[in-house]
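*Asks:* The following file, structure06.cif, comprises mmCIF, C-alpha atoms:
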data_entry
loop_
_atom_site.group_PDB
_atom_site.id
_atom_site.type_symbol
_atom_site.label_atom_id
_atom_site.label_comp_id
_atom_site.auth_asym_id
_atom_site.auth_seq_id
_atom_site.Cartn_x
_atom_site.Cartn_y
_atom_site.Cartn_z
ATOM 1 C CA MET A 20 37.749 85.031 130.988
ATOM 2 C CA SER A 21 36.553 81.679 129.615
ATOM 3 C CA GLN A 22 36.417 83.209 126.154
ATOM 4 C CA ASN A 23 40.122 84.098 126.287
ATOM 5 C CA ASN A 24 41.020 80.576 127.416
ATOM 6 C CA ASN A 25 39.051 79.136 124.519
ATOM 7 C CA ASN A 26 40.993 81.355 122.091
ATOM 8 C CA VAL A 27 44.286 80.080 123.520
ATOM 9 C CA VAL A 28 43.165 76.483 123.180
ATOM 10 C CA ASN A 29 41.978 77.049 119.635
ATOM 11 C CA ARG A 30 45.278 78.588 118.610
ATOM 12 C CA SER A 31 47.197 75.720 120.206
ATOM 13 C CA ASN A 32 45.185 73.189 118.242
ATOM 14 C CA ASP A 33 45.632 75.083 114.942
ATOM 15 C CA PRO A 34 47.513 72.722 112.590
ATOM 16 C CA GLU A 35 49.045 75.774 110.815
ATOM 17 C CA GLN A 36 50.613 77.056 114.050
ATOM 18 C CA ILE A 37 54.413 76.470 114.202
ATOM 19 C CA ASP A 38 55.514 74.946 117.507
ATOM 20 C CA LEU A 39 59.088 76.157 118.029
ATOM 21 C CA ILE A 40 59.663 73.832 120.975
ATOM 22 C CA ASP A 41 58.646 70.892 118.831
ATOM 23 C CA LEU A 42 61.013 72.018 116.057
ATOM 24 C CA VAL A 43 63.877 72.253 118.517
ATOM 25 C CA LEU A 44 63.086 68.790 119.867
ATOM 26 C CA GLN A 45 62.949 67.362 116.339
ATOM 27 C CA ILE A 46 66.298 68.893 115.494
ATOM 28 C CA TRP A 47 67.792 67.604 118.731
ATOM 29 C CA ARG A 48 66.542 64.098 118.029
ATOM 30 C CA GLY A 49 68.076 64.265 114.566
ATOM 31 C CA LYS A 50 71.360 65.714 115.814
ATOM 32 C CA TRP A 51 73.414 62.816 114.484
ATOM 33 C CA THR A 52 71.974 63.255 111.020
ATOM 34 C CA ILE A 53 72.727 66.978 111.177
ATOM 35 C CA ALA A 54 76.214 66.223 112.490
ATOM 36 C CA ALA A 55 76.774 63.885 109.535
ATOM 37 C CA PHE A 56 75.803 66.629 107.072
ATOM 38 C CA ILE A 57 78.085 69.080 108.847
ATOM 39 C CA ALA A 58 80.947 66.576 108.694
ATOM 40 C CA ILE A 59 80.372 66.005 104.973
ATOM 41 C CA ALA A 60 80.280 69.774 104.360
ATOM 42 C CA ILE A 61 83.532 70.222 106.317
ATOM 43 C CA VAL A 62 85.190 67.488 104.272
ATOM 44 C CA LEU A 63 84.019 69.122 101.036
ATOM 45 C CA ALA A 64 85.277 72.488 102.282
ATOM 46 C CA GLY A 65 88.630 70.887 103.091
ATOM 47 C CA VAL A 66 88.822 69.430 99.584
ATOM 48 C CA TYR A 67 87.962 72.839 98.107
ATOM 49 C CA ILE A 68 90.631 74.558 100.207
ATOM 50 C CA THR A 69 93.169 71.956 99.084
ATOM 51 C CA ILE A 70 92.493 71.998 95.328
ATOM 52 C CA ALA A 71 91.336 75.599 94.800
ATOM 53 C CA LYS A 72 93.847 77.971 93.241
ATOM 54 C CA GLU A 73 95.281 80.388 95.736
ATOM 55 C CA LYS A 74 95.036 84.107 95.022
ATOM 56 C CA TRP A 75 97.533 86.573 96.415
ATOM 57 C CA THR A 76 97.469 90.290 95.661
ATOM 58 C CA SER A 77 100.647 92.356 95.509
ATOM 59 C CA THR A 78 100.231 96.142 95.485
ATOM 60 C CA ALA A 79 102.514 99.030 94.620
ATOM 61 C CA ILE A 80 101.975 102.797 94.729
ATOM 62 C CA ILE A 81 103.531 105.047 92.085
ATOM 63 C CA THR A 82 103.475 108.733 91.235
ATOM 64 C CA GLN A 83 104.971 111.134 88.695
ATOM 65 C CA PRO A 84 108.733 110.809 88.109
ATOM 66 C CA ASP A 85 111.384 113.034 89.649
ATOM 67 C CA ALA A 86 112.925 115.729 87.469
ATOM 68 C CA ALA A 87 116.130 113.693 87.178
ATOM 69 C CA GLN A 88 114.241 110.692 85.784
ATOM 70 C CA ILE A 89 113.054 112.673 82.746
ATOM 71 C CA ALA A 90 115.854 115.244 82.585
ATOM 72 C CA THR A 91 117.107 114.171 79.138
ATOM 73 C CA TYR A 92 113.588 114.171 77.718
ATOM 74 C CA SER A 93 112.741 117.560 79.263
ATOM 75 C CA ASN A 94 116.006 119.096 78.033
ATOM 76 C CA ALA A 95 115.297 117.801 74.535
ATOM 77 C CA LEU A 96 111.890 119.474 74.605
ATOM 78 C CA ASN A 97 113.486 122.746 75.727
ATOM 79 C CA ILE A 98 115.961 122.620 72.836
ATOM 80 C CA LEU A 99 113.256 121.598 70.410
ATOM 81 C CA TYR A 100 110.628 124.181 71.321
ATOM 82 C CA GLY A 101 112.534 126.832 73.270
ATOM 83 C CA GLY A 102 110.199 129.109 75.214
ATOM 84 C CA ALA A 103 107.173 127.169 73.976
ATOM 85 C CA ALA A 104 108.356 123.957 75.677
ATOM 86 C CA PRO A 105 106.163 122.608 78.512
ATOM 87 C CA GLY A 106 107.315 123.161 82.084
ATOM 88 C CA MET A 107 108.828 120.400 84.204
ATOM 89 C CA LEU A 108 105.650 119.806 86.234
ATOM 90 C CA ASP A 109 103.558 119.636 83.075
ATOM 91 C CA THR A 110 106.017 117.168 81.541
ATOM 92 C CA GLN A 111 105.966 115.013 84.688
ATOM 93 C CA ASN A 112 102.166 114.869 84.680
ATOM 94 C CA ARG A 113 102.049 114.107 80.965
ATOM 95 C CA VAL A 114 104.448 111.175 81.090
ATOM 96 C CA VAL A 115 102.817 109.556 84.129
ATOM 97 C CA ALA A 116 99.390 109.998 82.500
ATOM 98 C CA ARG A 117 100.783 108.203 79.468
ATOM 99 C CA PHE A 118 102.060 105.451 81.766
ATOM 100 C CA ASN A 119 98.574 105.195 83.286
ATOM 101 C CA SER A 120 96.973 104.788 79.854
ATOM 102 C CA ALA A 121 99.486 102.165 78.748
ATOM 103 C CA PHE A 122 99.071 100.245 82.013
ATOM 104 C CA SER A 123 95.281 100.293 81.651
ATOM 105 C CA ALA A 124 95.605 98.964 78.097
ATOM 106 C CA LEU A 125 97.840 96.136 79.332
ATOM 107 C CA SER A 126 95.332 95.378 82.082
ATOM 108 C CA GLN A 127 92.553 95.067 79.516
ATOM 109 C CA THR A 128 94.690 92.829 77.308
ATOM 110 C CA LEU A 129 95.532 90.488 80.181
ATOM 111 C CA ASP A 130 91.877 90.315 81.211
ATOM 112 C CA ASN A 131 90.872 89.258 77.675
ATOM 113 C CA GLN A 132 93.282 86.310 77.554
ATOM 114 C CA GLU A 133 92.125 82.701 77.510
ATOM 115 C CA ALA A 134 93.595 82.463 81.007
ATOM 116 C CA PRO A 135 92.786 85.944 82.380
ATOM 117 C CA GLU A 136 95.198 87.778 84.659
ATOM 118 C CA LYS A 137 94.004 90.445 87.055
ATOM 119 C CA LEU A 138 96.081 93.610 86.806
ATOM 120 C CA THR A 139 94.540 96.864 88.018
ATOM 121 C CA ILE A 140 95.498 100.522 88.287
ATOM 122 C CA GLU A 141 93.480 103.184 90.094
ATOM 123 C CA PRO A 142 93.974 106.335 92.183
ATOM 124 C CA ALA A 143 95.417 105.506 95.583
ATOM 125 C CA VAL A 144 93.436 108.364 97.129
ATOM 126 C CA LYS A 145 89.860 108.842 95.995
ATOM 127 C CA GLY A 146 89.339 112.135 94.204
ATOM 128 C CA GLN A 147 93.047 112.687 93.533
ATOM 129 C CA ALA A 148 94.845 111.909 90.270
ATOM 130 C CA MET A 149 98.080 111.005 92.060
ATOM 131 C CA PRO A 150 99.437 108.760 93.416
ATOM 132 C CA LEU A 151 98.305 105.594 91.606
ATOM 133 C CA SER A 152 97.793 102.175 93.152
ATOM 134 C CA VAL A 153 98.659 99.192 90.952
ATOM 135 C CA SER A 154 98.028 95.586 91.915
ATOM 136 C CA TYR A 155 98.356 92.083 90.510
ATOM 137 C CA VAL A 156 96.759 88.822 91.615
ATOM 138 C CA GLY A 157 99.001 85.740 91.472
ATOM 139 C CA GLU A 158 98.938 82.130 92.641
ATOM 140 C CA THR A 159 101.664 82.716 95.235
ATOM 141 C CA ALA A 160 102.777 85.765 97.180
ATOM 142 C CA GLU A 161 106.240 85.733 95.573
ATOM 143 C CA ALA A 162 104.832 85.268 92.070
ATOM 144 C CA ALA A 163 102.389 88.159 92.483
ATOM 145 C CA GLN A 164 105.136 90.485 93.731
ATOM 146 C CA LYS A 165 107.577 89.507 90.982
ATOM 147 C CA GLN A 166 105.032 89.674 88.154
ATOM 148 C CA LEU A 167 103.746 93.087 89.235
ATOM 149 C CA ALA A 168 107.289 94.484 89.263
ATOM 150 C CA GLN A 169 107.877 93.036 85.783
ATOM 151 C CA TYR A 170 104.677 94.528 84.373
ATOM 152 C CA ILE A 171 105.494 97.962 85.828
ATOM 153 C CA GLN A 172 108.972 97.813 84.295
ATOM 154 C CA LEU A 173 107.537 96.602 80.976
ATOM 155 C CA VAL A 174 105.088 99.500 80.744
ATOM 156 C CA ASP A 175 107.807 101.960 81.818
ATOM 157 C CA GLU A 176 110.151 100.779 79.038
ATOM 158 C CA GLN A 177 107.341 100.726 76.481
ATOM 159 C CA THR A 178 106.239 104.263 77.376
ATOM 160 C CA ALA A 179 109.831 105.538 77.293
ATOM 161 C CA LYS A 180 110.283 104.074 73.798
ATOM 162 C CA GLU A 181 107.048 105.677 72.620
ATOM 163 C CA LEU A 182 108.157 109.057 73.990
ATOM 164 C CA SER A 183 111.498 108.645 72.243
ATOM 165 C CA VAL A 184 109.812 107.799 68.942
ATOM 166 C CA ASP A 185 107.474 110.787 69.266
ATOM 167 C CA LEU A 186 110.459 112.999 70.059
ATOM 168 C CA LYS A 187 112.332 111.792 66.973
ATOM 169 C CA ASP A 188 109.283 112.498 64.807
ATOM 170 C CA ASN A 189 109.060 116.009 66.272
ATOM 171 C CA ILE A 190 112.787 116.508 65.688
ATOM 172 C CA LYS A 191 112.401 115.563 62.021
ATOM 173 C CA GLN A 192 109.475 117.926 61.661
ATOM 174 C CA GLN A 193 111.318 120.766 63.405
ATOM 175 C CA ILE A 194 114.434 120.218 61.273
ATOM 176 C CA ALA A 195 112.313 120.449 58.131
ATOM 177 C CA THR A 196 110.692 123.645 59.430
ATOM 178 C CA LEU A 197 114.051 125.260 60.250
ATOM 179 C CA ASN A 198 115.517 124.262 56.883
ATOM 180 C CA ASP A 199 112.538 125.852 55.176
ATOM 181 C CA SER A 200 113.081 129.000 57.237
ATOM 182 C CA LEU A 201 116.764 129.108 56.318
ATOM 183 C CA GLY A 202 115.927 128.571 52.663
ATOM 184 C CA ASN A 203 113.438 131.422 52.718
ATOM 185 C CA GLN A 204 115.914 133.756 54.401
ATOM 186 C CA GLU A 205 118.617 132.840 51.876
ATOM 187 C CA LYS A 206 116.170 133.447 49.033
ATOM 188 C CA VAL A 207 115.297 136.871 50.450
ATOM 189 C CA ALA A 208 119.010 137.725 50.870
ATOM 190 C CA GLN A 209 119.702 136.695 47.261
ATOM 191 C CA GLU A 210 116.801 138.802 46.015
ATOM 192 C CA GLN A 211 118.136 141.757 47.994
ATOM 193 C CA LYS A 212 121.565 141.277 46.429
ATOM 194 C CA ASP A 213 120.103 141.013 42.910
ATOM 195 C CA LEU A 214 118.045 144.135 43.540
ATOM 196 C CA ARG A 215 121.147 145.987 44.735
ATOM 197 C CA ILE A 216 123.088 145.000 41.586
ATOM 198 C CA LYS A 217 120.166 146.006 39.400
ATOM 199 C CA GLN A 218 119.983 149.390 41.106
ATOM 200 C CA ILE A 219 123.717 150.004 40.566
ATOM 201 C CA THR A 220 123.416 148.880 36.931
ATOM 202 C CA GLU A 221 120.641 151.405 36.350
ATOM 203 C CA ALA A 222 122.710 154.097 38.063
ATOM 204 C CA ILE A 223 125.643 153.314 35.712
ATOM 205 C CA LYS A 224 123.382 153.842 32.713
ATOM 206 C CA PHE A 225 122.359 157.269 34.020
ATOM 207 C CA ALA A 226 125.969 158.194 34.870
ATOM 208 C CA GLU A 227 127.184 157.217 31.400
ATOM 209 C CA ALA A 228 124.299 159.103 29.812
ATOM 210 C CA ALA A 229 125.202 162.190 31.869
ATOM 211 C CA LYS A 230 128.921 161.556 31.204
ATOM 212 C CA ILE A 231 129.711 161.543 34.922
ATOM 213 C CA THR A 232 132.830 159.487 35.628
ATOM 214 C CA THR A 233 133.919 160.852 39.013
ATOM 215 C CA PRO A 234 131.882 161.348 42.187
ATOM 216 C CA GLN A 235 129.920 164.592 42.284
ATOM 217 C CA LEU A 236 128.889 164.246 45.942
ATOM 218 C CA GLN A 237 130.879 165.194 49.005
ATOM 219 C CA GLN A 238 128.829 163.135 51.525
ATOM 220 C CA THR A 239 128.358 159.583 50.171
ATOM 221 C CA GLN A 240 126.147 158.576 53.121
ATOM 222 C CA ASP A 241 123.421 160.772 51.676
ATOM 223 C CA VAL A 242 123.293 158.788 48.429
ATOM 224 C CA THR A 243 119.822 157.513 47.444
ATOM 225 C CA GLN A 244 118.616 155.500 44.504
ATOM 226 C CA ASP A 245 117.778 158.673 42.640
ATOM 227 C CA THR A 246 121.191 160.251 43.265
ATOM 228 C CA MET A 247 123.391 157.148 42.998
ATOM 229 C CA PHE A 248 124.418 158.011 39.415
ATOM 230 C CA LEU A 249 126.256 161.087 40.833
ATOM 231 C CA LEU A 250 128.913 158.709 42.233
ATOM 232 C CA GLY A 251 130.222 158.378 38.704
ATOM 233 C CA SER A 252 130.559 155.442 36.329
ATOM 234 C CA VAL A 253 134.003 154.445 37.588
ATOM 235 C CA ALA A 254 132.897 154.092 41.197
ATOM 236 C CA LEU A 255 129.654 152.395 40.182
ATOM 237 C CA ASN A 256 131.482 149.781 38.069
ATOM 238 C CA SER A 257 133.689 149.022 41.051
ATOM 239 C CA MET A 258 130.559 148.618 43.177
ATOM 240 C CA ILE A 259 129.115 146.158 40.620
ATOM 241 C CA GLN A 260 132.250 144.028 40.806
ATOM 242 C CA ASN A 261 132.194 144.158 44.617
ATOM 243 C CA GLU A 262 128.523 143.185 44.863
ATOM 244 C CA GLY A 263 129.056 140.274 42.458
ATOM 245 C CA THR A 264 131.725 138.659 44.646
ATOM 246 C CA ARG A 265 130.292 139.685 47.981
ATOM 247 C CA PRO A 266 128.610 136.878 50.018
ATOM 248 C CA LEU A 267 124.969 137.134 50.927
ATOM 249 C CA VAL A 268 124.226 139.286 53.943
ATOM 250 C CA PHE A 269 121.986 137.740 56.605
ATOM 251 C CA SER A 270 120.324 139.101 59.713
ATOM 252 C CA SER A 271 121.047 137.835 63.231
ATOM 253 C CA ALA A 272 117.791 135.827 63.058
ATOM 254 C CA TYR A 273 119.330 133.706 60.289
ATOM 255 C CA TYR A 274 122.292 132.718 62.427
ATOM 256 C CA GLN A 275 120.047 132.041 65.426
ATOM 257 C CA THR A 276 117.961 129.732 63.255
ATOM 258 C CA LYS A 277 121.156 128.049 62.077
ATOM 259 C CA GLN A 278 122.243 127.529 65.692
ATOM 260 C CA ASN A 279 118.875 126.049 66.612
ATOM 261 C CA LEU A 280 119.083 123.676 63.658
ATOM 262 C CA LEU A 281 122.518 122.434 64.685
ATOM 263 C CA ASP A 282 121.367 121.918 68.291
ATOM 264 C CA ILE A 283 118.313 119.948 67.197
ATOM 265 C CA GLU A 284 120.239 117.848 64.680
ATOM 266 C CA ASN A 285 122.548 116.743 67.496
ATOM 267 C CA LEU A 286 119.681 115.676 69.779
ATOM 268 C CA ASN A 287 119.764 111.981 70.640
ATOM 269 C CA VAL A 288 117.683 110.835 73.611
ATOM 270 C CA ASP A 289 118.274 107.273 74.812
ATOM 271 C CA PRO A 290 114.965 105.679 75.992
ATOM 272 C CA ALA A 291 116.911 103.962 78.768
ATOM 273 C CA THR A 292 117.436 107.367 80.404
ATOM 274 C CA ILE A 293 113.676 108.048 80.596
ATOM 275 C CA HIS A 294 111.578 106.712 83.482
ATOM 276 C CA VAL A 295 107.956 107.779 83.586
ATOM 277 C CA TYR A 296 107.054 106.871 87.174
ATOM 278 C CA ARG A 297 108.462 106.878 90.693
ATOM 279 C CA TYR A 298 107.766 104.357 93.420
ATOM 280 C CA VAL A 299 106.045 105.598 96.538
ATOM 281 C CA MET A 300 105.799 101.972 97.640
ATOM 282 C CA LYS A 301 107.415 99.097 95.772
ATOM 283 C CA PRO A 302 105.407 95.894 95.108
ATOM 284 C CA ASP A 303 104.777 94.395 98.512
ATOM 285 C CA LEU A 304 104.922 90.731 99.502
ATOM 286 C CA PRO A 305 101.364 89.870 100.617
ATOM 287 C CA ILE A 306 101.059 88.033 103.922
ATOM 288 C CA ARG A 307 97.376 87.091 103.604
ATOM 289 C CA ARG A 308 95.885 85.379 100.586
ATOM 290 C CA ASP A 309 92.654 86.586 99.061
ATOM 291 C CA SER A 310 91.234 83.113 98.567
ATOM 292 C CA PRO A 311 90.483 80.479 99.551
ATOM 293 C CA LYS A 312 90.049 81.664 103.143
ATOM 294 C CA LYS A 313 90.118 78.672 105.469
ATOM 295 C CA ALA A 314 88.163 80.195 108.349
ATOM 296 C CA ILE A 315 85.352 81.536 106.159
ATOM 297 C CA ALA A 316 85.166 78.286 104.159
ATOM 298 C CA LEU A 317 84.875 76.178 107.339
ATOM 299 C CA ILE A 318 82.291 78.498 108.919
ATOM 300 C CA LEU A 319 80.184 78.410 105.752
ATOM 301 C CA ALA A 320 80.575 74.620 105.641
ATOM 302 C CA VAL A 321 79.253 74.276 109.211
ATOM 303 C CA LEU A 322 76.357 76.635 108.526
ATOM 304 C CA LEU A 323 75.365 75.048 105.215
ATOM 305 C CA GLY A 324 75.818 71.530 106.624
ATOM 306 C CA GLY A 325 73.656 72.413 109.642
ATOM 307 C CA ILE A 326 70.964 73.991 107.461
ATOM 308 C CA MET A 327 70.845 71.058 105.065
ATOM 309 C CA GLY A 328 70.888 68.517 107.902
ATOM 310 C CA SER A 329 68.089 70.340 109.733
ATOM 311 C CA ALA A 330 66.077 70.552 106.525
ATOM 312 C CA VAL A 331 66.433 66.793 105.989
ATOM 313 C CA VAL A 332 65.429 65.994 109.590
ATOM 314 C CA LEU A 333 62.410 68.305 109.566
ATOM 315 C CA GLY A 334 61.363 67.177 106.104
ATOM 316 C CA ARG A 335 61.592 63.535 107.074
ATOM 317 C CA ASN A 336 59.538 64.097 110.250
ATOM 318 C CA ALA A 337 56.956 66.109 108.345
ATOM 319 C CA LEU A 338 56.598 63.303 105.799
ATOM 320 C CA ARG A 339 56.125 60.713 108.546
ATOM 321 C CA SER A 340 53.520 62.864 110.268
ATOM 322 C CA TYR A 341 51.630 63.276 107.009
ATOM 323 C CA GLN A 342 51.689 59.526 106.340
ATOM 324 C CA ASN A 343 50.431 58.758 109.886
ATOM 325 C CA LYS A 344 47.501 61.155 109.451
ATOM 326 C CA ASN A 345 46.496 59.497 106.234
#
Take the structure in the file and give it back as structure tokens.

*Replies:*
Amino acid sequence: MSQNNNNVVNRSNDPEQIDLIDLVLQIWRGKWTIAAFIAIAIVLAGVYITIAKEKWTSTAIITQPDAAQIATYSNALNILYGGAAPGMLDTQNRVVARFNSAFSALSQTLDNQEAPEKLTIEPAVKGQAMPLSVSYVGETAEAAQKQLAQYIQLVDEQTAKELSVDLKDNIKQQIATLNDSLGNQEKVAQEQKDLRIKQITEAIKFAEAAKITTPQLQQTQDVTQDTMFLLGSVALNSMIQNEGTRPLVFSSAYYQTKQNLLDIENLNVDPATIHVYRYVMKPDLPIRRDSPKKAIALILAVLLGGIMGSAVVLGRNALRSYQNKN
């Protein structure tokens, strides 16, 4: 029993042992010093809250546009590509994906400015491509809301113009392709006409050589290249004259191509009629600022002031104790 008491006494006299009661008493005796540090920290926090730039975040949620918002663009694609044109849902997803890319590029540009601006775009629901959440951080709630709406409109107009330019380039390319097709069909029709005239000319030579002037066949629908001379030189000469003045004969595919060309040449899509997004939620007016937060700043000020004040009090007492021992 006496051995245990001796151990207790030895531990109590150990200079390395921390006496919590003594620490509390030291802090209590230095309460005014600690209070002064807390007051200074609160004042500094108040100055920070006053001069620090406020940050307010306005957020909007967007998704792919309605069919009516891209109707002119979708119709132009249908005329341009016919059955190969993308479906409405595919077109909606494509244009909003293009909006997303353009918005991300703008966000990066703003972030790289000398005075950076924070503009973000990300999926509103994790794991889903749509809808998208876009946000902007401004110095006032009204400024953040207004600037976000302006940036969304800017990217929408820019994307619509890019789609219109791409469409015009595709129209030019398609017009060139159709003109080439028409030219080829006309060339084939002309070759067929020339071949027909050549065949009749050869038949005339045979008819004149055989001295056949009048038709020798009863059923003209059975005439072939080998038997054409039996129609007689008179009839064949009339056929030559007819073929020479006869216009080229085209298939129905030629006239369909011609119709497609006329439709495409008359295409004119106004970028103002294209909108590549739809609001699920318009830019909101934030009611709570992101920073500086008064409550958090004051709580941190009290904590830091108390810690620093306590450190000064304990350090000062420790220094005095050390000097007394020496």

*Asks:* I'd like to know which of A:Leu182, A:Ala79, A:Leu280, A:Met327 is closest to Pro305 of chain A, using only C-alpha atoms.

*Replies:*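 Among the listed residues, the smallest separation from Pro305 of chain A belongs to A:Ala79.
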
*Asks:* What would the selection look like, as a ChimeraX atom specification, if the PyMOL selection byres ((chain A and resi 188-201) around 7) were run on the coordinates I just shared?

*Replies:* /A:99,184-187,202-205,273,276,280,283

*Asks:* How would you write, as a VMD selection string, the residues chosen by the PyMOL selection byres ((chain A and resi 304) around 7) on this structure?

*Replies:* chain A and resid 77 160 to 161 164 302 to 303 305 to 306

*Asks:* Is it possible to get the residues within 10 Å of (103.9, 95.6, 84.6) (coordinates as in the file, counting only C-alpha atoms) written as a list in words?

*Replies:* Ala121, Phe122, Leu125, Ser126, Leu138, Val153, Ser154, Tyr155, Lys165, Gln166, Leu167, Ala168, Gln169, Tyr170, Ile171, Gln172, Leu173, Val174, Asp175 and Glu176 of chain A

*Asks:* If you measure from atom CA of Ile57 of chain A to atom CA of Trp75 of chain A, what distance in Å do you get, rounded to one decimal?

*Replies:*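 Those two atoms sit 29.0 Å apart.
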
*Asks:* I'd like the neighbourhood of Ser120 of chain A as a list in words, where a residue qualifies if any of its atoms comes within 12 Å (using all atoms listed in the file), though same-chain residues fewer than 6 positions away should be ignored.

*Replies:*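 Using all atoms listed in the file, the neighbours found are Arg113, Val114, Ser126, Gln127, Thr139, Ile140, Glu141, Leu151, Val174, Asp175, Gln177, Thr178 and Val295 of chain A.
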
*Asks:* Please, what distance in Å, to one decimal, runs between atom CA of Ala90 of chain A and atom CA of Tyr296 of chain A?

*Replies:*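 Pair atom CA of Ala90 of chain A / atom CA of Tyr296 of chain A returns 13.0 Å.
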
*Asks:* Take atom CA of Val115 of chain A and atom CA of Asn97 of chain A and report the distance between them in Å, one decimal.

*Replies:* 18.9 Å

*Asks:* Report as a PDB file with C-alpha atoms, keeping the file's coordinate frame the full result of the PyMOL selection byres ((chain A and resi 218-230) around 6) when it is applied to this structure.

*Replies:*
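After the write, selection-v7.pdb holds the following:
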ATOM      1  CA  ARG A 215     121.147 145.987  44.735  1.00  0.00           C
ATOM      2  CA  ILE A 216     123.088 145.000  41.586  1.00  0.00           C
ATOM      3  CA  LYS A 217     120.166 146.006  39.400  1.00  0.00           C
ATOM      4  CA  ILE A 231     129.711 161.543  34.922  1.00  0.00           C
ATOM      5  CA  MET A 247     123.391 157.148  42.998  1.00  0.00           C
ATOM      6  CA  PHE A 248     124.418 158.011  39.415  1.00  0.00           C
ATOM      7  CA  GLY A 251     130.222 158.378  38.704  1.00  0.00           C
ATOM      8  CA  SER A 252     130.559 155.442  36.329  1.00  0.00           C
TER       9      SER A 252
END

*Asks:* Show which residues sit within 12 Å of Leu42 of chain A, as number ranges by chain. Count only C-alpha atoms, and ignore same-chain residues fewer than 6 positions away.

*Replies:* A: 36, 48-49, 329-330, 332-334, 336-337

*Asks:* Which of these residues is nearest to Val288 of chain A, using all atoms listed in the file: A:Glu133, A:Glu181, A:Glu73, A:Glu158?

*Replies:*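 Selected residue with least distance to Val288 of chain A: A:Glu181.
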
*Asks:* Check the smallest atom-to-atom distance from each of A:Leu96, A:Ile80, A:Met107, A:Val321 to Pro142 of chain A using all atoms listed in the file, then report the winner.

*Replies:*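 Using all atoms listed in the file, Pro142 of chain A sits closest to A:Ile80.
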
*Asks:* Between A:Ser123, A:Gln211, A:Thr110, A:Thr82, which is the closest to Ser152 of chain A once you count only C-alpha atoms?

*Replies:*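 Selected residue with least distance to Ser152 of chain A: A:Thr82.
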
*Asks:* For each of A:Ala208, A:Ile293, A:Ile89, A:Ala162, take the minimum atom-to-atom distance to Thr76 of chain A, counting only C-alpha atoms, then give the residue where this is smallest.

*Replies:*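 Using only C-alpha atoms, the shortest distance to Thr76 of chain A belongs to A:Ala162.
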